[in-house]
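Asks: This is start09.cif (mmCIF, C-alpha atoms).
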data_entry
loop_
_atom_site.label_atom_id
_atom_site.label_comp_id
_atom_site.auth_asym_id
_atom_site.auth_seq_id
_atom_site.Cartn_x
_atom_site.Cartn_y
_atom_site.Cartn_z
CA MET Z 285 115.02 83.41 107.11
CA LYS Z 286 117.60 85.62 105.46
CA ALA Z 287 118.24 85.86 101.74
CA ALA Z 288 121.24 84.01 100.33
CA ALA Z 289 124.08 86.22 99.17
CA PHE Z 290 123.73 87.96 95.81
CA SER Z 291 125.33 90.77 93.91
CA TYR Z 292 123.52 94.00 93.21
CA ALA Z 293 123.50 96.42 90.32
CA ARG Z 294 121.39 99.54 90.16
CA ALA Z 295 120.36 100.17 86.58
CA THR Z 296 120.82 103.74 85.40
CA SER Z 297 118.53 103.44 82.38
CA VAL Z 298 116.31 100.89 80.66
CA ALA Z 299 119.13 100.24 78.18
CA ASP Z 300 121.54 99.68 81.07
CA ALA Z 301 119.10 97.27 82.74
CA LEU Z 302 118.74 95.32 79.48
CA GLN Z 303 122.52 95.10 79.08
CA LEU Z 304 122.82 93.76 82.62
CA LEU Z 305 120.10 91.19 81.98
CA ALA Z 306 121.69 90.15 78.70
CA ARG Z 307 125.03 89.71 80.43
CA HIS Z 308 123.77 87.70 83.41
CA GLY Z 309 120.90 85.76 81.85
CA ASP Z 310 119.18 83.30 84.17
CA ASP Z 311 121.49 84.25 87.02
CA ALA Z 312 119.83 87.67 87.28
CA LYS Z 313 116.52 88.70 88.81
CA VAL Z 314 114.86 92.06 88.24
CA LEU Z 315 114.15 94.03 91.41
CA SER Z 316 111.41 96.65 91.05
CA GLY Z 317 109.37 97.18 94.21
CA GLY Z 318 110.58 93.91 95.70
CA GLN Z 319 107.29 93.03 97.34
CA SER Z 320 107.10 89.61 95.67
CA LEU Z 321 110.80 89.04 95.07
CA MET Z 322 111.97 89.81 98.60
CA PRO Z 323 109.72 87.20 100.26
CA ALA Z 324 110.99 84.65 97.73
CA LEU Z 325 114.59 85.63 98.50
CA ASN Z 326 114.07 85.60 102.27
CA LEU Z 327 112.43 82.18 102.08
CA ARG Z 328 115.25 81.06 99.74
CA LEU Z 329 112.73 79.98 97.14
CA SER Z 330 114.79 82.12 94.78
CA ARG Z 331 118.60 82.34 94.81
CA PRO Z 332 119.73 84.63 92.00
CA GLY Z 333 123.39 85.52 91.59
CA ILE Z 334 122.60 89.15 90.97
CA LEU Z 335 119.70 91.57 91.40
CA VAL Z 336 119.23 94.19 88.72
CA ASP Z 337 117.49 97.06 90.51
CA ILE Z 338 115.27 99.03 88.14
CA GLY Z 339 113.51 100.81 91.01
CA ARG Z 340 114.89 104.25 90.20
CA LEU Z 341 114.05 104.31 86.49
CA SER Z 342 111.45 107.03 86.85
CA GLU Z 343 110.71 106.91 83.11
CA LEU Z 344 108.96 103.60 83.77
CA ARG Z 345 106.60 105.10 86.34
CA GLY Z 346 103.42 106.85 85.31
CA ILE Z 347 99.94 106.64 83.84
CA ALA Z 348 99.00 108.25 80.53
CA VAL Z 349 95.70 108.30 78.64
CA ALA Z 350 96.21 108.91 74.92
CA GLY Z 351 94.01 108.03 71.96
CA ASP Z 352 92.07 104.87 72.68
CA LYS Z 353 94.30 103.41 75.37
CA VAL Z 354 95.72 103.87 78.85
CA THR Z 355 99.45 103.20 79.18
CA ILE Z 356 100.75 102.31 82.62
CA GLY Z 357 104.49 102.17 83.18
CA ALA Z 358 105.84 99.02 84.78
CA LEU Z 359 107.16 100.83 87.85
CA THR Z 360 103.80 102.43 88.61
CA ARG Z 361 103.05 101.47 92.18
CA HIS Z 362 99.79 100.13 93.54
CA VAL Z 363 99.43 103.33 95.57
CA ASP Z 364 99.76 105.29 92.30
CA LEU Z 365 96.89 103.29 90.78
CA LEU Z 366 94.78 104.09 93.83
CA GLY Z 367 95.56 107.80 93.70
CA SER Z 368 95.22 108.27 89.95
CA ARG Z 369 92.27 110.26 88.63
CA GLU Z 370 92.85 108.78 85.17
CA VAL Z 371 92.57 105.24 86.52
CA ALA Z 372 89.50 106.08 88.60
CA GLU Z 373 87.76 107.59 85.57
CA THR Z 374 88.78 105.19 82.82
CA LEU Z 375 89.59 101.89 84.56
CA PRO Z 376 87.54 101.68 87.75
CA LEU Z 377 88.05 97.90 87.73
CA LEU Z 378 91.77 98.39 88.18
CA ARG Z 379 91.27 100.93 90.92
CA GLU Z 380 88.95 98.64 92.84
CA ALA Z 381 91.28 95.68 92.37
CA ALA Z 382 94.25 97.67 93.67
CA THR Z 383 92.47 98.22 96.99
CA HIS Z 384 92.67 94.45 97.46
CA VAL Z 385 96.36 94.10 96.67
CA ALA Z 386 98.06 93.30 99.97
CA HIS Z 387 98.29 96.07 102.58
CA PRO Z 388 99.11 99.81 102.57
CA ALA Z 389 102.81 99.33 103.37
CA ILE Z 390 103.15 96.86 100.50
CA ARG Z 391 101.09 98.94 98.07
CA ASN Z 392 103.51 101.83 98.70
CA ARG Z 393 106.39 99.80 97.23
CA GLY Z 394 104.87 97.14 94.98
CA THR Z 395 104.65 97.86 91.26
CA ILE Z 396 102.23 96.74 88.56
CA GLY Z 397 105.11 95.46 86.41
CA GLY Z 398 106.61 93.47 89.25
CA ASN Z 399 103.22 92.03 90.10
CA LEU Z 400 102.52 90.93 86.52
CA ALA Z 401 106.02 89.58 85.89
CA HIS Z 402 105.82 87.60 89.13
CA ALA Z 403 102.60 86.01 87.82
CA ASP Z 404 101.20 84.67 91.05
CA PRO Z 405 98.03 82.83 90.02
CA ALA Z 406 96.22 84.16 93.09
CA SER Z 407 97.08 87.78 92.37
CA GLU Z 408 94.43 90.32 91.40
CA LEU Z 409 96.12 92.33 88.65
CA PRO Z 410 96.86 89.50 86.18
CA ALA Z 411 93.14 88.66 86.11
CA CYS Z 412 92.35 92.35 85.57
CA MET Z 413 94.70 92.35 82.57
CA LEU Z 414 92.67 89.50 81.08
CA ALA Z 415 89.34 91.18 81.76
CA LEU Z 416 90.63 94.47 80.34
CA ASP Z 417 92.22 92.79 77.29
CA ALA Z 418 95.56 94.42 78.10
CA THR Z 419 98.69 94.27 75.97
CA LEU Z 420 102.05 93.94 77.70
CA VAL Z 421 105.02 95.84 76.33
CA ILE Z 422 108.30 93.94 76.54
CA ARG Z 423 111.78 95.17 75.68
CA GLY Z 424 115.04 93.39 74.99
CA VAL Z 425 118.40 94.85 74.10
CA GLU Z 426 117.49 95.11 70.44
CA HIS Z 427 113.79 94.62 70.25
CA GLU Z 428 110.44 95.66 71.59
CA ARG Z 429 107.41 93.42 71.34
CA ARG Z 430 103.81 93.44 72.45
CA ILE Z 431 101.90 90.45 73.71
CA GLY Z 432 98.34 89.93 74.83
CA ALA Z 433 97.72 89.20 78.49
CA GLN Z 434 96.35 85.76 77.69
CA GLU Z 435 99.61 84.66 76.07
CA PHE Z 436 101.74 86.41 78.68
CA PHE Z 437 100.67 84.30 81.66
CA GLN Z 438 101.93 80.77 81.18
CA GLY Z 439 101.73 79.09 84.58
CA ILE Z 440 102.66 79.46 88.23
CA TYR Z 441 105.21 82.29 88.32
CA ALA Z 442 105.75 81.66 84.61
CA THR Z 443 105.38 84.26 81.84
CA ALA Z 444 106.38 84.86 78.25
CA LEU Z 445 109.31 87.00 79.44
CA ALA Z 446 112.75 85.74 78.43
CA ALA Z 447 115.61 86.10 80.91
CA ASP Z 448 117.02 89.07 78.99
CA GLU Z 449 113.71 90.90 78.63
CA LEU Z 450 112.02 93.55 80.71
CA LEU Z 451 108.32 94.27 81.04
CA THR Z 452 108.19 98.05 80.56
CA ALA Z 453 104.48 98.92 80.40
CA VAL Z 454 100.95 97.70 79.94
CA GLU Z 455 98.54 99.15 77.40
CA ILE Z 456 94.87 98.90 78.17
CA PRO Z 457 92.21 99.77 75.59
CA LEU Z 458 89.75 102.35 76.88
CA PRO Z 459 86.54 100.49 77.71
CA ALA Z 460 83.59 101.46 75.54
CA PRO Z 461 81.21 103.96 77.16
CA GLY Z 462 78.68 102.19 79.32
CA THR Z 463 80.92 99.22 80.06
CA ARG Z 464 80.51 98.05 83.65
CA HIS Z 465 82.92 96.26 85.89
CA PHE Z 466 82.73 93.80 88.75
CA PHE Z 467 85.41 92.82 91.21
CA HIS Z 468 85.23 90.59 94.24
CA GLU Z 469 87.50 88.14 95.99
CA TYR Z 470 87.21 85.79 98.93
CA THR Z 471 90.13 85.97 101.34
CA ARG Z 472 90.95 84.63 104.81
CA ARG Z 473 92.19 88.07 105.83
CA SER Z 474 91.66 91.38 104.07
CA GLY Z 475 94.72 91.95 101.88
CA ASP Z 476 95.82 88.33 101.73
CA TYR Z 477 95.96 86.35 98.53
CA ALA Z 478 92.51 85.30 97.41
CA MET Z 479 91.01 81.83 97.78
CA VAL Z 480 89.01 82.72 94.66
CA GLY Z 481 88.47 86.04 92.92
CA LEU Z 482 86.81 87.50 89.86
CA ALA Z 483 87.66 90.58 87.82
CA ALA Z 484 85.05 91.19 85.14
CA MET Z 485 83.98 93.62 82.46
CA ALA Z 486 80.61 93.59 80.68
CA ARG Z 487 77.98 95.71 79.03
CA ALA Z 488 74.30 95.63 79.82
CA ASP Z 489 72.17 96.80 76.92
CA LYS Z 490 68.41 96.76 77.44
CA GLY Z 491 68.82 94.11 80.09
CA HIS Z 492 71.03 91.90 77.94
CA LEU Z 493 74.68 91.13 78.63
CA SER Z 494 77.34 91.69 76.00
CA ASP Z 495 81.13 91.90 75.79
CA LEU Z 496 81.34 89.73 78.89
CA ARG Z 497 84.90 89.07 80.07
CA LEU Z 498 85.23 87.08 83.28
CA GLY Z 499 88.79 86.90 84.60
CA TYR Z 500 89.04 84.44 87.47
CA PHE Z 501 92.09 84.17 89.71
CA ALA Z 502 93.30 81.63 92.28
CA VAL Z 503 91.46 78.89 90.38
CA GLY Z 504 94.43 77.30 88.62
CA ASP Z 505 98.03 77.80 87.61
CA ARG Z 506 97.27 81.12 85.90
CA PRO Z 507 94.44 83.65 85.65
CA GLN Z 508 91.66 82.33 83.48
CA LEU Z 509 89.08 83.87 81.14
CA VAL Z 510 86.10 81.56 81.40
CA ARG Z 511 83.60 80.63 78.71
CA ALA Z 512 80.92 79.30 81.04
CA ALA Z 513 78.84 82.45 81.05
CA ALA Z 514 78.72 82.81 77.26
CA SER Z 515 75.21 81.33 77.34
CA LEU Z 516 74.05 84.39 79.31
CA VAL Z 517 75.04 86.85 76.59
CA GLY Z 518 72.30 88.44 74.51
CA VAL Z 519 69.40 86.66 76.18
CA ASP Z 520 66.86 87.34 78.92
CA VAL Z 521 68.78 86.08 81.93
CA THR Z 522 66.77 83.95 84.35
CA PRO Z 523 67.81 82.35 87.65
CA GLU Z 524 67.67 78.99 85.84
CA LEU Z 525 70.12 80.16 83.17
CA VAL Z 526 72.47 81.46 85.86
CA ALA Z 527 72.28 78.09 87.60
CA GLU Z 528 73.13 76.34 84.32
CA ALA Z 529 76.10 78.65 83.74
CA ARG Z 530 77.30 77.89 87.26
CA THR Z 531 77.09 74.17 86.57
CA GLU Z 532 79.08 74.65 83.40
CA LEU Z 533 81.65 76.69 85.31
CA MET Z 534 82.11 73.78 87.73
CA THR Z 535 83.32 71.60 84.86
CA GLU Z 536 85.35 74.31 83.15
CA LEU Z 537 87.39 75.14 86.26
CA ASP Z 538 89.90 72.70 87.68
CA PRO Z 539 91.05 74.49 90.84
CA PRO Z 540 93.68 73.14 93.25
CA SER Z 541 93.22 72.15 96.88
CA ASP Z 542 95.61 73.71 99.36
CA GLN Z 543 95.71 74.88 102.97
CA GLN Z 544 93.48 77.85 102.08
CA ALA Z 545 90.60 76.02 100.43
CA THR Z 546 89.65 72.72 98.86
CA ALA Z 547 88.94 72.45 95.15
CA ALA Z 548 85.25 71.92 95.93
CA MET Z 549 85.15 75.08 98.03
CA ARG Z 550 86.88 77.05 95.27
CA ARG Z 551 84.35 75.80 92.71
CA HIS Z 552 81.48 76.80 95.00
CA LEU Z 553 82.91 80.27 95.59
CA ALA Z 554 83.59 80.73 91.86
CA GLY Z 555 79.94 79.95 91.19
CA LEU Z 556 78.83 82.48 93.77
CA LEU Z 557 81.01 85.09 92.10
CA LEU Z 558 79.48 84.35 88.72
CA ALA Z 559 75.99 84.92 90.06
CA ARG Z 560 77.00 88.04 91.95
CA CYS Z 561 78.71 89.46 88.89
CA VAL Z 562 75.73 88.92 86.59
CA ALA Z 563 73.36 90.30 89.22
CA ALA Z 564 75.52 93.39 89.69
CA VAL Z 565 76.05 94.12 86.01
CA LEU Z 566 72.34 93.71 85.23
CA ASP Z 567 71.21 95.44 88.44
CA ARG Z 568 69.12 92.39 89.31
CA PRO Z 569 69.95 91.33 92.86
CA GLU Z 570 67.46 88.45 92.71
CA LEU Z 571 69.91 86.61 90.43
CA ALA Z 572 72.35 86.21 93.34
CA PRO Z 573 70.21 85.07 96.25
CA GLU Z 574 73.12 83.79 98.33
CA GLN Z 575 74.75 86.76 99.96
CA ALA Z 576 77.98 85.30 101.24
CA SER Z 577 80.46 88.09 101.81
CA MET N 190 130.33 91.61 93.58
CA THR N 191 128.57 90.36 96.70
CA ALA N 192 130.95 92.82 98.35
CA ALA N 193 129.64 95.61 100.52
CA ILE N 194 128.17 98.70 98.90
CA ALA N 195 128.42 102.21 100.34
CA ILE N 196 125.12 103.86 101.20
CA ALA N 197 124.21 107.20 102.73
CA LEU N 198 120.81 107.97 104.17
CA THR N 199 119.15 109.71 107.08
CA VAL N 200 117.66 107.75 109.93
CA ASN N 201 115.37 109.69 112.23
CA GLY N 202 116.88 112.89 110.89
CA GLU N 203 120.51 111.91 111.46
CA ALA N 204 122.89 111.32 108.58
CA VAL N 205 124.15 107.75 108.39
CA ALA N 206 126.84 106.36 106.10
CA ALA N 207 127.55 102.64 105.99
CA GLU N 208 128.81 99.79 103.89
CA VAL N 209 126.27 97.01 103.55
CA LYS N 210 126.10 93.63 101.85
CA PRO N 211 123.46 93.62 99.09
CA ARG N 212 121.43 90.91 100.82
CA LEU N 213 121.07 92.86 104.07
CA ASN N 214 117.49 93.99 104.51
CA LEU N 215 116.60 97.34 106.00
CA ALA N 216 115.16 95.81 109.19
CA ASP N 217 118.39 94.00 110.00
CA PHE N 218 120.42 97.08 109.08
CA LEU N 219 118.43 99.21 111.51
CA ARG N 220 118.55 96.63 114.28
CA ASP N 221 122.01 95.12 113.96
CA ASP N 222 124.10 97.90 112.44
CA LEU N 223 122.41 100.92 114.05
CA GLY N 224 121.10 99.32 117.26
CA LEU N 225 117.56 100.56 116.62
CA THR N 226 115.81 97.46 117.92
CA GLY N 227 112.35 99.02 118.10
CA THR N 228 111.81 97.79 114.54
CA HIS N 229 110.79 94.18 115.08
CA VAL N 230 111.37 91.24 112.81
CA GLY N 231 108.52 88.74 112.77
CA CYS N 232 107.80 86.74 109.65
CA GLU N 233 110.51 88.11 107.33
CA HIS N 234 108.26 87.80 104.31
CA GLY N 235 105.92 90.74 104.51
CA VAL N 236 102.94 89.15 106.22
CA CYS N 237 103.08 90.31 109.85
CA GLY N 238 103.83 94.05 109.73
CA ALA N 239 106.08 94.11 112.83
CA CYS N 240 108.96 95.63 110.80
CA THR N 241 106.98 98.60 109.44
CA VAL N 242 109.01 101.81 109.12
CA ARG N 243 108.68 105.03 107.14
CA LEU N 244 110.72 105.47 103.98
CA ASP N 245 110.56 108.97 102.53
CA GLY N 246 107.36 109.51 104.50
CA GLU N 247 105.55 106.37 103.35
CA ILE N 248 105.18 103.23 105.43
CA VAL N 249 107.00 100.18 104.09
CA ARG N 250 107.96 96.69 105.19
CA SER N 251 111.62 96.97 106.17
CA CYS N 252 112.00 93.18 105.79
CA LEU N 253 110.98 93.56 102.13
CA THR N 254 113.33 96.46 101.49
CA LEU N 255 117.06 96.08 101.00
CA ALA N 256 119.34 98.45 102.87
CA VAL N 257 120.91 99.38 99.51
CA GLN N 258 117.48 100.44 98.27
CA ALA N 259 117.31 102.98 101.10
CA ASP N 260 120.42 104.75 99.79
CA GLY N 261 119.66 108.45 99.63
CA CYS N 262 116.34 108.05 101.44
CA ALA N 263 114.94 109.30 104.74
CA VAL N 264 114.08 106.47 107.12
CA GLU N 265 111.99 106.98 110.23
CA THR N 266 111.63 104.27 112.84
CA ILE N 267 109.53 103.89 115.96
CA GLU N 268 112.41 105.44 117.93
CA GLY N 269 112.13 108.59 115.81
CA LEU N 270 108.36 108.81 116.06
CA SER N 271 108.52 108.25 119.82
CA ASP N 272 111.32 110.67 120.60
CA SER N 273 109.80 113.48 118.55
CA GLY N 274 106.54 113.21 120.46
CA GLU N 275 104.62 112.78 117.21
CA ILE N 276 102.70 109.77 118.47
CA ALA N 277 102.76 110.38 122.25
CA ASP N 278 98.97 110.61 122.39
CA LEU N 279 98.57 107.42 120.38
CA GLN N 280 101.01 105.60 122.65
CA ASN N 281 99.11 106.82 125.71
CA ALA N 282 95.84 105.64 124.20
CA PHE N 283 97.35 102.18 123.58
CA ARG N 284 98.49 102.02 127.21
CA ASP N 285 95.16 103.30 128.60
CA ARG N 286 93.15 100.82 126.56
CA ASN N 287 95.52 97.85 127.13
CA ALA N 288 96.05 97.70 123.38
CA LEU N 289 99.22 95.71 123.83
CA GLN N 290 100.31 92.77 125.89
CA CYS N 291 103.62 91.33 124.72
CA GLY N 292 104.33 94.45 122.67
CA TYR N 293 105.94 92.69 119.75
CA CYS N 294 103.55 94.08 117.13
CA THR N 295 103.22 97.47 118.80
CA PRO N 296 105.88 99.49 116.93
CA GLY N 297 104.42 98.39 113.60
CA MET N 298 100.88 98.98 114.82
CA LEU N 299 101.71 102.50 115.98
CA ILE N 300 103.47 103.49 112.76
CA THR N 301 100.67 102.05 110.63
CA ALA N 302 97.95 103.67 112.73
CA GLN N 303 99.74 107.01 112.57
CA ASP N 304 99.97 106.61 108.79
CA LEU N 305 96.19 106.23 108.64
CA LEU N 306 95.57 109.22 110.91
CA ARG N 307 97.84 111.41 108.77
CA GLN N 308 95.92 110.45 105.63
CA LYS N 309 92.47 110.35 107.16
CA PRO N 310 92.08 112.17 110.48
CA GLN N 311 88.60 110.81 111.20
CA PRO N 312 88.49 107.19 110.09
CA ASP N 313 85.60 104.94 111.02
CA ARG N 314 86.24 101.59 112.66
CA ALA N 315 86.06 99.68 109.38
CA GLU N 316 88.69 101.96 107.88
CA ILE N 317 90.92 101.50 110.92
CA ARG N 318 90.58 97.73 110.62
CA GLU N 319 91.34 97.82 106.92
CA HIS N 320 94.45 99.95 107.32
CA LEU N 321 95.75 97.74 110.13
CA ALA N 322 94.82 94.49 108.36
CA GLY N 323 98.44 93.90 107.40
CA ASN N 324 99.63 93.94 111.01
CA TYR N 325 99.25 90.81 113.07
CA CYS N 326 98.64 90.93 116.82
CA ARG N 327 98.48 87.58 118.62
CA CYS N 328 97.59 88.96 122.07
CA THR N 329 94.86 91.55 122.05
CA GLY N 330 92.23 90.32 119.62
CA TYR N 331 92.49 93.74 117.95
CA HIS N 332 89.42 95.40 119.49
CA ALA N 333 91.48 97.34 122.02
CA ILE N 334 93.83 98.51 119.28
CA ILE N 335 90.91 99.75 117.17
CA ASP N 336 89.53 101.51 120.26
CA ALA N 337 92.85 103.23 120.94
CA VAL N 338 93.20 104.47 117.36
CA GLU N 339 89.60 105.67 117.32
CA THR N 340 90.05 107.46 120.63
CA THR N 341 93.18 109.18 119.39
CA ALA N 342 91.47 110.28 116.18
CA ARG N 343 88.60 111.80 118.17
CA ALA N 344 90.88 113.57 120.62
CA ARG N 345 93.02 115.04 117.84
CA THR N 346 89.95 116.24 115.97
CA GLU N 347 88.61 117.90 119.12
CA ARG N 348 91.94 119.57 119.77
CA ALA N 349 92.03 120.88 116.22
CA THR N 350 88.60 122.52 116.40
#
Would you mind writing the file's structure down as structure tokens?
Replies:
Amino acid sequence: MKAAAFSYARATSVADALQLLARHGDDAKVLSGGQSLMPALNLRLSRPGILVDIGRLSELRGIAVAGDKVTIGALTRHVDLLGSREVAETLPLLREAATHVAHPAIRNRGTIGGNLAHADPASELPACMLALDATLVIRGVEHERRIGAQEFFQGIYATALAADELLTAVEIPLPAPGTRHFFHEYTRRSGDYAMVGLAAMARADKGHLSDLRLGYFAVGDRPQLVRAAASLVGVDVTPELVAEARTELMTELDPPSDQQATAAMRRHLAGLLLARCVAAVLDRPELAPEQAS
Amino acid sequence: MTAAIAIALTVNGEAVAAEVKPRLNLADFLRDDLGLTGTHVGCEHGVCGACTVRLDGEIVRSCLTLAVQADGCAVETIEGLSDSGEIADLQNAFRDRNALQCGYCTPGMLITAQDLLRQKPQPDRAEIREHLAGNYCRCTGYHAIIDAVETTARARTERAT
């Protein structure tokens, strides 16, 4: 299908974009890379009166490591994440996740800010923000505020952003030395939205897990940090304990059924991911005997 | 304000000036306004890859790009890549290996495969599959396409040494 008619304004600065959003309110949609918005427009799931194009605000594009955090501008594209030495060195989880975001032609245009503001529950990067304990930087005409990733994501395509606000950057604390990451997702086709996925950070000290953050995606209406594996922290992990954590995960998650997978299948795959993650972080492959790819 | 907006860009090296409605996507602009129908429109929501073109040297989905966003940019389509001879060997390899039947996906396949070969001259088959994973083909079953890209990569590498 073709998009319904809309007006178009190309913002010349962040301040200009915020003025446009303040003026048009709910009638406006922000266009950054367009890789989530354009499908919604073409399918007429979204019919804004005006698009505010922030795509040329180069001050919002870039990756900087300073002090104890990495700041990533909202217009930083997926291809930038993949090509960044800073990201590869400091946030390998994010780099690995970006390889799973759609396809090369989409990664060339799609932006991290657009991805997060779109808040698709099956998307990789929102779950990474949870695992990495990211802070999102939001600006309005007369204010700037920071909000944790867990409060930012509020439901299917729903975030803490008001109609007159713009997501300008994400700030990610530098992981402590020795922190390990795990990323895996199950998809029907490489690059498609996941049936179930897991972005995780953890430490393994003398064979014991600590600082475990498991960010699941495509298991509900928003990315979800799960508690189920807390029983594995600080103890000698055995296959029995992993099995218990998986059972607990089954009750903690309440995934949907859709044309991609049933809820039961999603629960099963989420359990597999839990075992694979623990096995990978602890370097103990025997903890994940089922090797489904 | 839904009125047409003036844009100026280059398409396959030629300067183009036009007035376009904001909602017009780049694929429809290329096809309907410029008559460049080699860019195909399949799913219109970024899934199939048939509309792949180059924008400032990078491959993009032209169905997920507005014509107004291409203002000031350099667009290259399958017509440009064909006429310049840049992908003649790849096209020949597709024909030799029967890597197309109906041909609908072929322009997008060729542009995407060429994008891979520019970035990585000697990809293995898994890398070829991964790079082409965003392009649907409903005829060939893909193996012949992978073969053709692999053959082209080998031949180019041999020519270069």
Asks: Exactly which residues make up the result of the PyMOL selection byres ((chain N) within 10 of (chain Z)) on this file, given as a PyMOL selection string?
Replies: chain N and resi 190-194+210-214+217+232-236+238+241-244+247-255+257-258+301+304-305+318-324
Asks: Which one is closest to Asn399 of chain Z: Z:Ser342, Z:Gln434, Z:Thr360, Z:Thr374? Count all atoms listed in the file.
Replies: Z:Thr360
Asks: Within 10 Å of His332 of chain N, counting only C-alpha atoms, which residues qualify if same-chain residues fewer than 4 places away don't, as a ChimeraX atom specification?
Replies: /N:286,288,314,318,336-337
Asks: What does the PyMOL selection byres ((chain Z and resi 548) around 12) select in this file, as a count of residues only?
Replies: 22
Asks: On this file, the PyMOL selection byres ((chain N and resi 239) around 8) gives some set of residues; write that set as JSON, numbers by chain.
Replies: {"N": [228, 229, 230, 231, 237, 238, 240, 241, 293, 294, 295, 296, 297, 298, 324, 325]}
Asks: Find the spatial neighbours of Gly269 of chain N, counting all atoms listed in the file, within a cut-off of 9 Å - ignore same-chain residues fewer than 3 positions away - and output them as number ranges by chain.
Replies: N: 200-202, 265-266, 272-275
Asks: Any chance you can output those residues with C-alpha atoms as a PDB file, keeping the file's coordinate frame?
Replies:
ATOM      1  CA  VAL N 200     117.660 107.750 109.930  1.00  0.00           C
ATOM      2  CA  ASN N 201     115.370 109.690 112.230  1.00  0.00           C
ATOM      3  CA  GLY N 202     116.880 112.890 110.890  1.00  0.00           C
ATOM      4  CA  GLU N 265     111.990 106.980 110.230  1.00  0.00           C
ATOM      5  CA  THR N 266     111.630 104.270 112.840  1.00  0.00           C
ATOM      6  CA  ASP N 272     111.320 110.670 120.600  1.00  0.00           C
ATOM      7  CA  SER N 273     109.800 113.480 118.550  1.00  0.00           C
ATOM      8  CA  GLY N 274     106.540 113.210 120.460  1.00  0.00           C
ATOM      9  CA  GLU N 275     104.620 112.780 117.210  1.00  0.00           C
TER      10      GLU N 275
END
Asks: Using all atoms listed in the file, determine which residues lie at most 8 Å from Thr443 of chain Z, disregarding the query and same-chain residues fewer than 6 positions distant; provide the list as a PyMOL selection string.
Replies: chain Z and resi 401+403+436-437
Asks: Using only C-alpha atoms, which residues sit within 9 Å of Cys328 of chain N once same-chain residues fewer than 5 positions away are excluded, as a PDB file with C-alpha atoms, in the coordinates of the input?
Replies:
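Listed below is the output, out.pdb:
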ATOM      1  CA  ALA N 288      96.050  97.700 123.380  1.00  0.00           C
ATOM      2  CA  LEU N 289      99.220  95.710 123.830  1.00  0.00           C
ATOM      3  CA  GLN N 290     100.310  92.770 125.890  1.00  0.00           C
ATOM      4  CA  CYS N 291     103.620  91.330 124.720  1.00  0.00           C
ATOM      5  CA  GLY N 292     104.330  94.450 122.670  1.00  0.00           C
TER       6      GLY N 292
END
